[in-house]
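S.K.: My structure is stored as query-v5.cif, with mmCIF, C-alpha atoms.
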data_start
#
loop_
_atom_site.label_atom_id
_atom_site.label_comp_id
_atom_site.auth_asym_id
_atom_site.auth_seq_id
_atom_site.Cartn_x
_atom_site.Cartn_y
_atom_site.Cartn_z
CA MET K 60 -30.56 -41.89 -1.97
CA LYS K 61 -32.07 -38.87 -0.28
CA PHE K 62 -29.74 -36.22 1.01
CA LYS K 63 -31.58 -36.19 4.32
CA HIS K 64 -30.35 -39.68 5.22
CA ILE K 65 -26.81 -38.88 4.04
CA PHE K 66 -26.63 -35.86 6.33
CA GLU K 67 -28.07 -37.84 9.24
CA ILE K 68 -25.41 -40.53 8.84
CA ALA K 69 -22.66 -37.88 8.45
CA LYS K 70 -23.91 -36.22 11.64
CA ALA K 71 -23.86 -39.51 13.52
CA LEU K 72 -20.29 -40.24 12.42
CA LEU K 73 -19.21 -36.71 13.41
CA LEU K 74 -20.71 -37.04 16.87
CA ALA K 75 -19.19 -40.50 17.29
CA ARG K 76 -15.74 -38.88 17.05
CA SER K 77 -16.63 -35.53 18.58
CA LYS K 78 -13.17 -34.83 20.06
CA GLN K 79 -11.37 -35.39 16.75
CA THR K 80 -14.02 -33.39 14.94
CA LEU K 81 -13.60 -30.51 17.38
CA VAL K 82 -9.81 -30.58 16.95
CA ALA K 83 -10.16 -30.43 13.15
CA ALA K 84 -12.68 -27.58 13.34
CA ILE K 85 -10.42 -25.64 15.73
CA GLY K 86 -7.54 -26.10 13.29
CA VAL K 87 -9.59 -24.58 10.49
CA THR K 88 -10.86 -21.82 12.81
CA PHE K 89 -7.41 -20.64 13.83
CA SER K 90 -6.05 -20.99 10.29
CA VAL K 91 -8.80 -18.74 8.93
CA ALA K 92 -8.47 -16.31 11.86
CA PHE K 93 -4.70 -15.97 11.45
CA PHE K 94 -5.07 -15.66 7.67
CA ILE K 95 -7.53 -12.76 8.02
CA SER K 96 -5.68 -10.94 10.80
CA LEU K 97 -2.27 -11.43 9.17
CA LEU K 98 -3.41 -10.22 5.74
CA GLY K 99 -5.36 -7.30 7.23
CA PHE K 100 -2.39 -6.20 9.34
CA MET K 101 0.15 -6.57 6.51
CA GLN K 102 -2.05 -4.68 4.04
CA GLY K 103 -2.65 -1.95 6.61
CA LEU K 104 1.11 -1.76 7.14
CA ASN K 105 1.69 -1.64 3.37
CA THR K 106 -0.79 1.19 3.03
CA LEU K 107 0.90 3.11 5.84
CA LEU K 108 4.44 2.62 4.53
CA ASP K 109 3.54 3.33 0.92
CA GLY K 110 1.54 6.35 2.02
CA LEU K 111 4.68 7.89 3.51
CA VAL K 112 5.98 8.32 -0.03
CA LEU K 113 3.51 7.23 -2.70
CA ASN K 114 0.49 9.14 -1.41
CA ARG K 115 2.53 12.33 -1.26
CA THR K 116 4.11 11.78 -4.66
CA PRO K 117 2.40 13.12 -7.81
CA HIS K 118 1.40 10.56 -10.41
CA ILE K 119 3.13 12.76 -12.98
CA ARG K 120 5.60 15.57 -12.37
CA LEU K 121 6.26 18.16 -15.06
CA TYR K 122 9.51 20.12 -14.80
CA ASN K 123 12.56 21.36 -16.70
CA ASP K 124 15.51 19.10 -16.07
CA THR K 125 19.11 20.33 -16.10
CA ARG K 126 21.06 18.54 -18.81
CA PRO K 127 23.91 19.15 -21.28
CA SER K 128 23.15 20.80 -24.61
CA ALA K 129 21.65 18.42 -27.12
CA GLN K 130 24.18 19.55 -29.73
CA GLN K 131 27.80 20.34 -28.96
CA PRO K 132 29.70 22.95 -31.07
CA ILE K 133 31.80 20.32 -32.83
CA GLU K 134 28.64 18.64 -34.11
CA LEU K 135 27.65 21.84 -35.89
CA ASP K 136 30.76 21.75 -38.09
CA SER K 137 30.08 19.77 -41.27
CA GLN K 138 33.78 18.98 -41.55
CA TYR K 139 33.45 16.55 -38.61
CA LYS K 140 30.02 15.20 -39.49
CA ASP K 141 31.13 11.59 -39.96
CA TYR K 142 33.59 11.56 -37.06
CA HIS K 143 33.13 10.03 -33.64
CA HIS K 144 33.42 12.75 -30.98
CA PHE K 145 35.04 12.22 -27.60
CA ILE K 146 33.71 15.06 -25.47
CA HIS K 147 34.53 15.43 -21.76
CA SER K 148 33.32 17.74 -18.97
CA ILE K 149 30.17 18.75 -20.82
CA LYS K 150 28.49 21.76 -19.22
CA PRO K 151 24.70 21.95 -18.84
CA ALA K 152 22.74 24.10 -21.24
CA ASN K 153 21.88 27.60 -20.07
CA THR K 154 18.21 26.86 -19.37
CA ARG K 155 15.88 28.07 -16.63
CA LYS K 156 13.92 25.91 -14.21
CA GLU K 157 10.81 27.94 -14.93
CA ILE K 158 8.07 26.15 -16.90
CA TYR K 159 7.28 28.20 -19.98
CA ASN K 160 3.71 28.99 -20.97
CA VAL K 161 2.53 27.63 -17.63
CA GLU K 162 -0.95 29.19 -17.81
CA ASN K 163 -1.84 27.38 -21.04
CA ILE K 164 -0.41 24.12 -19.69
CA LEU K 165 -2.53 24.38 -16.54
CA LYS K 166 -5.58 25.17 -18.63
CA LYS K 167 -4.97 22.13 -20.82
CA LEU K 168 -4.47 19.85 -17.82
CA ASN K 169 -7.64 21.10 -16.13
CA SER K 170 -9.64 20.20 -19.23
CA ASP K 171 -8.19 16.66 -19.38
CA LYS K 172 -10.84 14.29 -17.99
CA ARG K 173 -8.18 11.76 -16.97
CA VAL K 174 -6.69 14.24 -14.50
CA TYR K 175 -8.01 14.24 -10.93
CA GLY K 176 -6.19 17.38 -9.82
CA ILE K 177 -3.09 19.51 -10.27
CA ALA K 178 -0.91 21.41 -7.82
CA PRO K 179 1.76 23.88 -8.97
CA LYS K 180 4.90 24.06 -6.87
CA LEU K 181 8.28 25.74 -6.68
CA THR K 182 11.29 25.35 -4.43
CA ALA K 183 13.87 27.75 -3.04
CA GLN K 184 17.22 26.79 -1.63
CA ALA K 185 17.85 28.85 1.49
CA PHE K 186 19.64 29.03 4.82
CA TYR K 187 17.89 29.14 8.19
CA ASN K 188 19.74 31.66 10.32
CA LEU K 189 20.57 30.44 13.82
CA GLY K 190 22.73 33.13 15.39
CA ASN K 191 25.99 33.01 13.49
CA ILE K 192 25.16 29.56 12.13
CA GLU K 193 23.34 28.99 8.84
CA LEU K 194 21.45 25.72 8.40
CA ASN K 195 21.02 24.48 4.86
CA GLY K 196 17.38 24.09 3.86
CA ILE K 197 14.78 23.78 1.12
CA ILE K 198 11.64 25.91 1.21
CA ASN K 199 8.72 24.56 -0.79
CA GLY K 200 6.19 26.98 -2.24
CA ILE K 201 2.81 25.25 -2.41
CA ASP K 202 -0.91 25.77 -2.83
CA PRO K 203 -2.06 24.55 0.64
CA MET K 204 -5.59 23.66 -0.45
CA GLN K 205 -4.46 21.53 -3.40
CA GLU K 206 -1.66 19.91 -1.40
CA ALA K 207 -4.18 18.90 1.26
CA ARG K 208 -6.68 17.57 -1.29
CA LEU K 209 -4.21 15.64 -3.41
CA PHE K 210 -1.33 14.73 -1.08
CA ASN K 211 -2.78 14.58 2.47
CA PHE K 212 -0.67 17.58 3.49
CA LYS K 213 -2.86 18.40 6.49
CA ASN K 214 -2.22 14.96 8.06
CA TYR K 215 1.44 15.85 8.56
CA VAL K 216 1.04 19.37 9.96
CA LEU K 217 1.43 19.55 13.74
CA ASP K 218 0.32 22.32 16.07
CA GLY K 219 -1.05 24.59 13.37
CA ASP K 220 -3.51 25.11 10.53
CA TYR K 221 -2.10 24.47 7.07
CA MET K 222 -4.47 27.03 5.52
CA ASP K 223 -2.75 29.80 7.47
CA LEU K 224 -0.03 29.63 4.82
CA GLN K 225 -2.56 31.05 2.39
CA ASN K 226 -4.23 33.43 4.80
CA ARG K 227 -1.15 34.89 6.49
CA PRO K 228 1.56 36.47 4.34
CA ASN K 229 5.21 35.73 5.14
CA SER K 230 4.34 32.64 7.18
CA ILE K 231 6.15 29.29 7.24
CA ILE K 232 5.55 25.72 8.40
CA LEU K 233 8.92 24.41 9.59
CA GLY K 234 10.09 20.82 9.30
CA ARG K 235 10.16 19.22 12.74
CA GLY K 236 13.91 18.60 12.53
CA VAL K 237 14.62 22.21 11.56
CA ALA K 238 12.45 23.52 14.39
CA ASP K 239 14.20 21.31 16.95
CA LYS K 240 17.61 22.56 15.85
CA MET K 241 16.50 26.20 16.01
CA LEU K 242 14.44 25.72 19.22
CA ALA K 243 11.66 27.46 17.30
CA ASN K 244 8.14 27.61 18.72
CA LYS K 245 4.86 28.45 17.07
CA GLY K 246 4.55 32.20 16.70
CA ASP K 247 8.31 32.82 16.53
CA VAL K 248 9.80 34.90 13.73
CA ILE K 249 12.80 33.29 12.05
CA GLN K 250 15.30 34.66 9.58
CA VAL K 251 16.11 32.96 6.26
CA THR K 252 18.70 33.85 3.67
CA THR K 253 18.28 32.93 0.02
CA ILE K 254 21.18 31.76 -2.15
CA ASN K 255 21.18 35.27 -3.66
CA GLY K 256 22.01 36.74 -0.24
CA ASP K 257 18.59 38.29 0.44
CA HIS K 258 17.27 38.18 4.04
CA PHE K 259 13.62 37.58 4.94
CA SER K 260 11.64 37.29 8.17
CA LEU K 261 9.01 34.54 8.32
CA LYS K 262 6.56 33.73 11.10
CA VAL K 263 6.27 30.10 12.25
CA ILE K 264 2.63 28.95 12.15
CA GLY K 265 3.13 25.21 12.55
CA PHE K 266 5.40 22.22 12.09
CA PHE K 267 5.62 19.50 9.45
CA GLN K 268 6.60 15.89 10.22
CA SER K 269 6.73 13.60 7.21
CA GLY K 270 8.09 10.42 8.79
CA SER K 271 11.47 10.88 7.10
CA VAL K 272 13.90 12.37 9.62
CA GLU K 273 16.39 13.49 6.97
CA LEU K 274 13.74 15.41 5.03
CA ASP K 275 12.34 17.05 8.14
CA LYS K 276 15.81 18.40 8.96
CA VAL K 277 15.88 20.58 5.83
CA GLN K 278 12.45 21.16 4.32
CA SER K 279 9.79 23.70 5.18
CA PHE K 280 6.68 25.06 3.47
CA VAL K 281 5.40 28.49 2.49
CA SER K 282 2.72 29.68 0.09
CA ILE K 283 3.56 30.03 -3.60
CA ALA K 284 3.27 33.82 -3.31
CA THR K 285 5.76 33.92 -0.43
CA CYS K 286 8.18 31.63 -2.25
CA ARG K 287 8.05 33.84 -5.35
CA LYS K 288 8.88 36.79 -3.11
CA LEU K 289 11.89 34.92 -1.72
CA LEU K 290 13.11 34.14 -5.23
CA LYS K 291 12.12 37.57 -6.62
CA LYS K 292 10.13 35.94 -9.38
CA PRO K 293 6.99 37.13 -11.21
CA SER K 294 3.48 35.92 -10.39
CA THR K 295 3.53 33.34 -13.22
CA TYR K 296 6.74 31.61 -12.08
CA VAL K 297 6.30 27.84 -11.51
CA SER K 298 9.08 25.24 -11.52
CA ASP K 299 6.98 22.07 -11.01
CA ILE K 300 3.48 20.94 -11.88
CA GLN K 301 2.25 18.00 -9.81
CA ILE K 302 -0.52 15.92 -11.36
CA LYS K 303 -2.81 13.35 -9.72
CA LEU K 304 -4.67 11.06 -12.12
CA LYS K 305 -7.95 9.23 -11.72
CA ASP K 306 -6.12 6.04 -12.69
CA MET K 307 -2.50 5.87 -11.51
CA ASN K 308 -1.74 3.02 -13.93
CA GLN K 309 -2.04 5.46 -16.84
CA ALA K 310 0.86 7.55 -15.50
CA PRO K 311 3.72 6.12 -17.65
CA ALA K 312 1.86 6.54 -20.94
CA MET K 313 0.47 9.97 -20.04
CA ALA K 314 3.89 11.19 -18.88
CA LYS K 315 5.29 10.46 -22.36
CA GLU K 316 2.26 12.13 -23.92
CA TYR K 317 2.66 15.32 -21.86
CA ALA K 318 6.43 15.41 -22.43
CA SER K 319 5.83 15.36 -26.18
CA LEU K 320 2.88 17.76 -26.10
CA PHE K 321 4.36 20.42 -23.81
CA LYS K 322 8.03 19.93 -24.76
CA ILE K 323 8.91 19.45 -21.12
CA ASP K 324 10.36 16.75 -18.85
CA ALA K 325 7.81 14.41 -17.27
CA GLU K 326 8.38 11.77 -14.60
CA ASP K 327 5.73 9.18 -13.67
CA ILE K 328 5.25 7.71 -10.20
CA GLN K 329 6.11 4.17 -11.27
CA THR K 330 9.54 5.28 -12.43
CA ALA K 331 10.17 7.52 -9.43
CA ASN K 332 9.10 4.98 -6.78
CA ALA K 333 9.58 1.54 -8.30
CA GLN K 334 11.35 0.24 -5.18
CA PHE K 335 8.36 0.97 -2.94
CA GLU K 336 5.95 -0.95 -5.16
CA THR K 337 8.38 -3.88 -5.22
CA GLY K 338 8.59 -3.94 -1.42
CA SER K 339 4.82 -3.73 -1.05
CA SER K 340 4.26 -6.58 -3.52
CA ALA K 341 6.85 -8.75 -1.78
CA ARG K 342 5.23 -8.24 1.64
CA THR K 343 1.78 -9.05 0.23
CA ILE K 344 3.02 -12.25 -1.44
CA ILE K 345 4.71 -13.40 1.78
CA SER K 346 1.53 -12.73 3.79
CA PHE K 347 -0.67 -14.66 1.35
CA ALA K 348 1.84 -17.53 1.26
CA VAL K 349 1.91 -17.85 5.07
CA GLY K 350 -1.89 -17.69 5.30
CA ILE K 351 -2.41 -20.30 2.59
CA VAL K 352 0.11 -22.62 4.23
CA LEU K 353 -1.90 -22.38 7.46
CA LEU K 354 -5.08 -23.40 5.64
CA ILE K 355 -3.34 -26.29 3.86
CA VAL K 356 -1.97 -27.57 7.18
CA ALA K 357 -5.50 -27.49 8.59
CA GLY K 358 -6.65 -29.44 5.52
CA PHE K 359 -4.07 -32.17 6.18
CA GLY K 360 -5.38 -32.42 9.72
CA ILE K 361 -8.90 -33.08 8.42
CA TYR K 362 -7.50 -35.56 5.90
CA ASN K 363 -5.76 -37.56 8.64
CA ILE K 364 -8.86 -37.57 10.86
CA LEU K 365 -11.09 -38.81 8.02
CA ASN K 366 -8.55 -41.47 7.10
CA MET K 367 -8.56 -42.77 10.67
CA MET K 368 -12.35 -42.62 10.73
CA ILE K 369 -12.53 -44.80 7.62
CA TYR K 370 -10.29 -47.46 9.13
CA GLU K 371 -12.26 -47.43 12.36
CA LYS K 372 -15.65 -47.45 10.63
CA MET K 373 -14.97 -50.10 8.02
CA ASP K 374 -17.71 -52.30 9.45
CA THR K 375 -20.16 -49.39 9.42
CA ILE K 376 -19.31 -48.65 5.79
CA ALA K 377 -19.75 -52.33 4.91
CA ILE K 378 -23.17 -52.42 6.56
CA LEU K 379 -24.24 -49.25 4.74
CA LYS K 380 -23.19 -50.71 1.40
CA ALA K 381 -24.82 -54.05 2.22
CA THR K 382 -28.11 -52.28 2.96
CA GLY K 383 -28.19 -50.51 -0.40
CA TYR K 384 -25.94 -47.46 -0.14
CA SER K 385 -23.84 -47.05 -3.28
CA GLY K 386 -20.18 -46.02 -3.47
CA ALA K 387 -21.30 -42.53 -4.55
CA ASP K 388 -23.48 -42.27 -1.43
CA ILE K 389 -20.57 -43.25 0.80
CA LYS K 390 -18.42 -40.63 -0.91
CA LYS K 391 -21.10 -37.98 -0.29
CA ILE K 392 -21.24 -38.92 3.39
CA PHE K 393 -17.54 -38.37 3.98
CA ILE K 394 -17.43 -35.21 1.85
CA ALA K 395 -20.38 -33.92 3.90
CA ILE K 396 -18.38 -34.63 7.07
CA SER K 397 -15.36 -32.77 5.71
CA LEU K 398 -17.38 -29.79 4.46
CA SER K 399 -19.24 -29.55 7.77
CA ILE K 400 -15.93 -29.24 9.59
CA GLY K 401 -14.64 -26.73 7.03
CA ILE K 402 -17.73 -24.50 6.99
CA ALA K 403 -18.12 -24.50 10.78
CA GLY K 404 -14.41 -23.74 11.19
CA ALA K 405 -14.54 -20.99 8.54
CA ILE K 406 -17.51 -19.24 10.16
CA ALA K 407 -15.88 -19.37 13.58
CA GLY K 408 -12.56 -18.30 12.04
CA VAL K 409 -14.08 -15.21 10.44
CA SER K 410 -15.43 -14.05 13.78
CA LEU K 411 -12.17 -14.79 15.55
CA GLY K 412 -10.18 -13.13 12.74
CA LEU K 413 -12.24 -9.96 13.10
CA LEU K 414 -11.63 -10.07 16.85
CA PHE K 415 -7.86 -10.43 16.31
CA SER K 416 -7.92 -7.52 13.84
CA LEU K 417 -9.76 -5.30 16.32
CA LEU K 418 -7.26 -6.28 19.00
CA ILE K 419 -4.29 -5.34 16.78
CA ASP K 420 -6.03 -2.10 15.82
CA SER K 421 -6.38 -1.15 19.50
CA ILE K 422 -2.70 -1.61 20.37
CA ALA K 423 -1.03 1.77 20.90
CA PHE K 424 1.65 2.71 18.38
CA HIS K 425 4.01 5.56 19.20
CA SER K 426 6.65 6.79 16.81
CA ALA K 427 8.32 10.17 16.58
CA ALA K 428 8.45 9.73 12.81
CA LEU K 429 4.69 9.08 12.53
CA PRO K 430 2.94 11.36 15.00
CA THR K 431 -0.50 11.08 13.40
CA VAL K 432 -0.57 7.25 13.70
CA LYS K 433 -1.88 6.29 17.14
CA THR K 434 -2.47 2.52 16.74
CA TYR K 435 -1.18 -0.27 14.53
CA PRO K 436 -2.78 -0.11 11.07
CA VAL K 437 -5.26 -2.79 9.97
CA ASP K 438 -7.11 -3.16 6.69
CA TYR K 439 -10.64 -4.58 7.13
CA GLY K 440 -11.11 -5.37 3.44
CA MET K 441 -13.88 -7.90 2.81
CA GLN K 442 -11.72 -9.61 0.18
CA TYR K 443 -9.58 -11.22 2.90
CA TYR K 444 -12.65 -12.73 4.58
CA ALA K 445 -13.99 -14.00 1.26
CA ILE K 446 -10.63 -15.54 0.26
CA ALA K 447 -10.26 -17.20 3.66
CA ILE K 448 -13.75 -18.75 3.52
CA ILE K 449 -13.40 -19.94 -0.08
CA PHE K 450 -9.94 -21.40 0.45
CA ALA K 451 -10.94 -23.06 3.74
CA VAL K 452 -13.98 -24.72 2.16
CA ALA K 453 -11.97 -25.78 -0.91
CA THR K 454 -9.15 -27.20 1.24
CA THR K 455 -11.50 -29.18 3.46
CA TYR K 456 -13.41 -30.45 0.41
CA PHE K 457 -10.27 -31.96 -1.11
CA ALA K 458 -9.21 -33.20 2.33
CA GLY K 459 -12.44 -35.20 2.43
CA TRP K 460 -12.54 -36.16 -1.23
CA PHE K 461 -9.47 -38.42 -1.18
CA PRO K 462 -10.53 -40.46 1.88
CA SER K 463 -14.09 -40.63 0.52
CA ARG K 464 -12.81 -42.30 -2.64
CA LYS K 465 -11.16 -44.96 -0.49
CA ALA K 466 -14.37 -45.48 1.48
CA SER K 467 -16.51 -45.71 -1.67
CA VAL K 468 -14.61 -48.74 -3.03
CA VAL K 469 -14.76 -50.78 0.20
CA ASP K 470 -15.99 -54.32 -0.51
CA PRO K 471 -18.63 -55.13 2.14
CA VAL K 472 -18.24 -58.90 1.62
CA GLU K 473 -14.53 -58.78 2.48
CA ILE K 474 -15.14 -56.65 5.58
CA ILE K 475 -18.02 -58.80 6.90
CA ARG K 476 -16.09 -62.02 6.16
CA GLY K 477 -13.10 -60.62 8.04
CA LYS K 478 -15.29 -59.80 11.03
#
Let's see the structure in the file written out as structure tokens.
M.R.:
Amino acid sequence: MKFKHIFEIAKALLLARSKQTLVAAIGVTFSVAFFISLLGFMQGLNTLLDGLVLNRTPHIRLYNDTRPSAQQPIELDSQYKDYHHFIHSIKPANTRKEIYNVENILKKLNSDKRVYGIAPKLTAQAFYNLGNIELNGIINGIDPMQEARLFNFKNYVLDGDYMDLQNRPNSIILGRGVADKMLANKGDVIQVTTINGDHFSLKVIGFFQSGSVELDKVQSFVSIATCRKLLKKPSTYVSDIQIKLKDMNQAPAMAKEYASLFKIDAEDIQTANAQFETGSSARTIISFAVGIVLLIVAGFGIYNILNMMIYEKMDTIAILKATGYSGADIKKIFIAISLSIGIAGAIAGVSLGLLFSLLIDSIAFHSAALPTVKTYPVDYGMQYYAIAIIFAVATTYFAGWFPSRKASVVDPVEIIRGK
């Protein structure tokens, strides 16, 4: 039987029940549209929330951790070699935070083709002087250019140019919370006191707002050179090396490799931020589950409509079979009806889903914690559109396949005799 006649018959049956067909197509349309807009919004939200921490976190961090001595004095005495030692109140080893041989380590990392970029860093505990009050704080010494390239530093700097840290000596970018407490404005000169009791004057060139209120109440940023001056350290002093990889998934294995190679502590991003990845995965799974349920519900609607059509068109099916149409032809007719509804609904759903996404993306979003985000985030990834179309077509195919099997085994003699 030629496909032309099958499609003509399927078209006639569709038009004969145009209202039910339209309802089924609308069901598929809205299911696909909500699937696309929901997944796009949730993924955009995931990217935003993860970016607050993960995008500003190095894939690998090299540092010297503070820990007790590997060997206690009692373990050095052969007399107690085979004894079990109960040791309490162990004091940390007398080690420095400085990374030894830092120049050779940086050279080695720069030559590693797996590494995307590196950013040295050091921190100084200090007090911001506010009259007679001293506010506890942490001053981060950074390379502004590398921080901007690797960790989106510039996106969180308000009312100032992050490169001024490099170009202007003794300058500081204050955390928004610190600035609010000190009533500091851009251009003001503030006083800080290091834990060693040294006093320094720093000029405010901008403000930093990370999205974490607690962090913004204590942290600020200066250049590495300025931070070394605060700590009275030499030009080679570095306490942290932040590494961004070309493939983040290699971080755990490479962290162990660097720890063994450089005899230093190494922490990978998966270990440091496991909870954020878990939350992101959970939100994605929930979004996919809701979207798929919508498509399945639409499929059941098509299934019910085709079932009713079969009962109402039993005489038509009997006549078709009596005039030479086989059971396979009848099955193709009803599958063609189902797929027509599914494809038309999917195409309309993609357009409507894009419209919903654009609408969400245009809604104003204001948050003191996220000053650079002006509207709700949406991800326009093509994978969501492809998944929606494929799943919609597959769902409607199976929704038509089961009723078509019932129609293909109809006995025309019994139907005509009954009539």
S.K.: Can you tell me, as a VMD selection string, what residues are no more than 9 Å from range 210-225 of chain K when counting only C-alpha atoms, ignoring any on the same chain fewer than 5 positions away?
M.R.: chain K and resid 114 to 117 201 to 205 230 to 232 235 245 264 to 270 280 to 285 303 429 to 431
S.K.: Give the padded box for range 206-212 of chain K as JSON: axis-aligned, covering all atoms listed in the file, 3 Å on each side, centre and edge lengths in Å to one decimal.
M.R.:
{"center_x": -3.7, "center_y": 17.2, "center_z": 0.0, "size_x": 12.0, "size_y": 11.3, "size_z": 12.9}
S.K.: Just want the 12 Å neighbourhood of Ser294 in chain K, counted on all atoms listed in the file, with same-chain residues fewer than 6 positions away dropped. Output as number ranges by chain.
M.R.: K: 157, 161-162, 181, 283-288
S.K.: Go ahead and compute the interatomic distance for CA of Val251 in chain K and CA of Ala178 in chain K, in Å to one decimal.
M.R.: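 Atom-to-atom, CA of Val251 in chain K to CA of Ala178 in chain K, that is 24.9 Å.
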S.K.: Can you tell me how far CA of Thr343 in chain K sits from CA of Tyr444 in chain K, in Å to one decimal?
M.R.: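 Computing it gives 15.5 Å between the two atoms.
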S.K.: For each of K:Arg120, K:Thr434, K:Ala447, K:Gly358, take the minimum atom-to-atom distance to Trp460 in chain K, counting only C-alpha atoms, then give the residue where this is smallest.
M.R.: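 Of all the options, K:Gly358 lies closest to Trp460 in chain K.
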S.K.: Could you please determine the separation between CA of Tyr439 in chain K and CA of Ala92 in chain K in Å, to one decimal place?
M.R.: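 CA of Ala92 in chain K lies at a distance of 12.8 Å from CA of Tyr439 in chain K.
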S.K.: Have a look at K:Ala387, K:Ile328, K:Leu107, K:Ala451 and name the one nearest to Leu353 in chain K; count all atoms listed in the file.
M.R.: K:Ala451
S.K.: Would you please work out which residue, of K:Ile95, K:Ala325, K:Leu194, K:Ile345, is nearest to Val277 in chain K when using only C-alpha atoms?
M.R.: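 Smallest distance to Val277 in chain K is found for K:Leu194.
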S.K.: Please identify all polymer residues within 7 Å of Val87 in chain K, counting all atoms listed in the file, omitting same-chain residues fewer than 3 positions from it, and present them as a list of chain:residue names.
M.R.: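 Listed by chain and then number, they are K:Ala83, K:Ala84, K:Ser90, K:Val91, K:Leu354, K:Ala357, K:Gly401, K:Gly404, K:Ala405.
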S.K.: Quick one: write out the picked residues with C-alpha atoms as a CSV table (one decimal), keeping the file's coordinate frame?
M.R.:
chain,number,residue,atom,x,y,z
K,83,ALA,CA,-10.2,-30.4,13.2
K,84,ALA,CA,-12.7,-27.6,13.3
K,90,SER,CA,-6.0,-21.0,10.3
K,91,VAL,CA,-8.8,-18.7,8.9
K,354,LEU,CA,-5.1,-23.4,5.6
K,357,ALA,CA,-5.5,-27.5,8.6
K,401,GLY,CA,-14.6,-26.7,7.0
K,404,GLY,CA,-14.4,-23.7,11.2
K,405,ALA,CA,-14.5,-21.0,8.5
S.K.: Between K:Gly408, K:Ile198, K:Ile449, K:Leu189, which is the closest to Val248 in chain K once you count only C-alpha atoms?
M.R.: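 The closest residue to Val248 in chain K is K:Leu189.
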S.K.: I need the residue nearest Ile400 in chain K from this list: K:Pro293, K:Gly412, K:Gly386, K:Gly360. Use only C-alpha atoms for the distance.
M.R.: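 The closest residue to Ile400 in chain K is K:Gly360.
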S.K.: Could you give me, as JSON, numbers by chain, the residues within 10 Å of Phe457 in chain K, counting all atoms listed in the file and dropping anything in the same chain fewer than 2 positions from it?
M.R.: {"K": [358, 359, 361, 362, 394, 397, 398, 452, 453, 454, 455, 459, 460, 461, 462, 463]}
S.K.: Apply the PyMOL selection byres ((chain K and resi 123) around 7) to the displayed file and report the matching residues as JSON, numbers by chain.
M.R.: {"K": [122, 124, 125, 156, 158, 323, 324]}
S.K.: Set the distance at 7 Å and use all atoms listed in the file: which residues neighbour Gly176 in chain K once local chain neighbours fewer than 3 positions away are removed? I'd like the list as a list in words.
M.R.: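 In the requested format, the answer is Leu209, Ile302, Lys303 and Leu304 of chain K.
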S.K.: With distances taken over all atoms listed in the file, which residue among K:Ile85, K:Ala318, K:Leu104, K:Leu113 lies nearest Asn332 in chain K?
M.R.: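 Closest candidate: K:Leu113.
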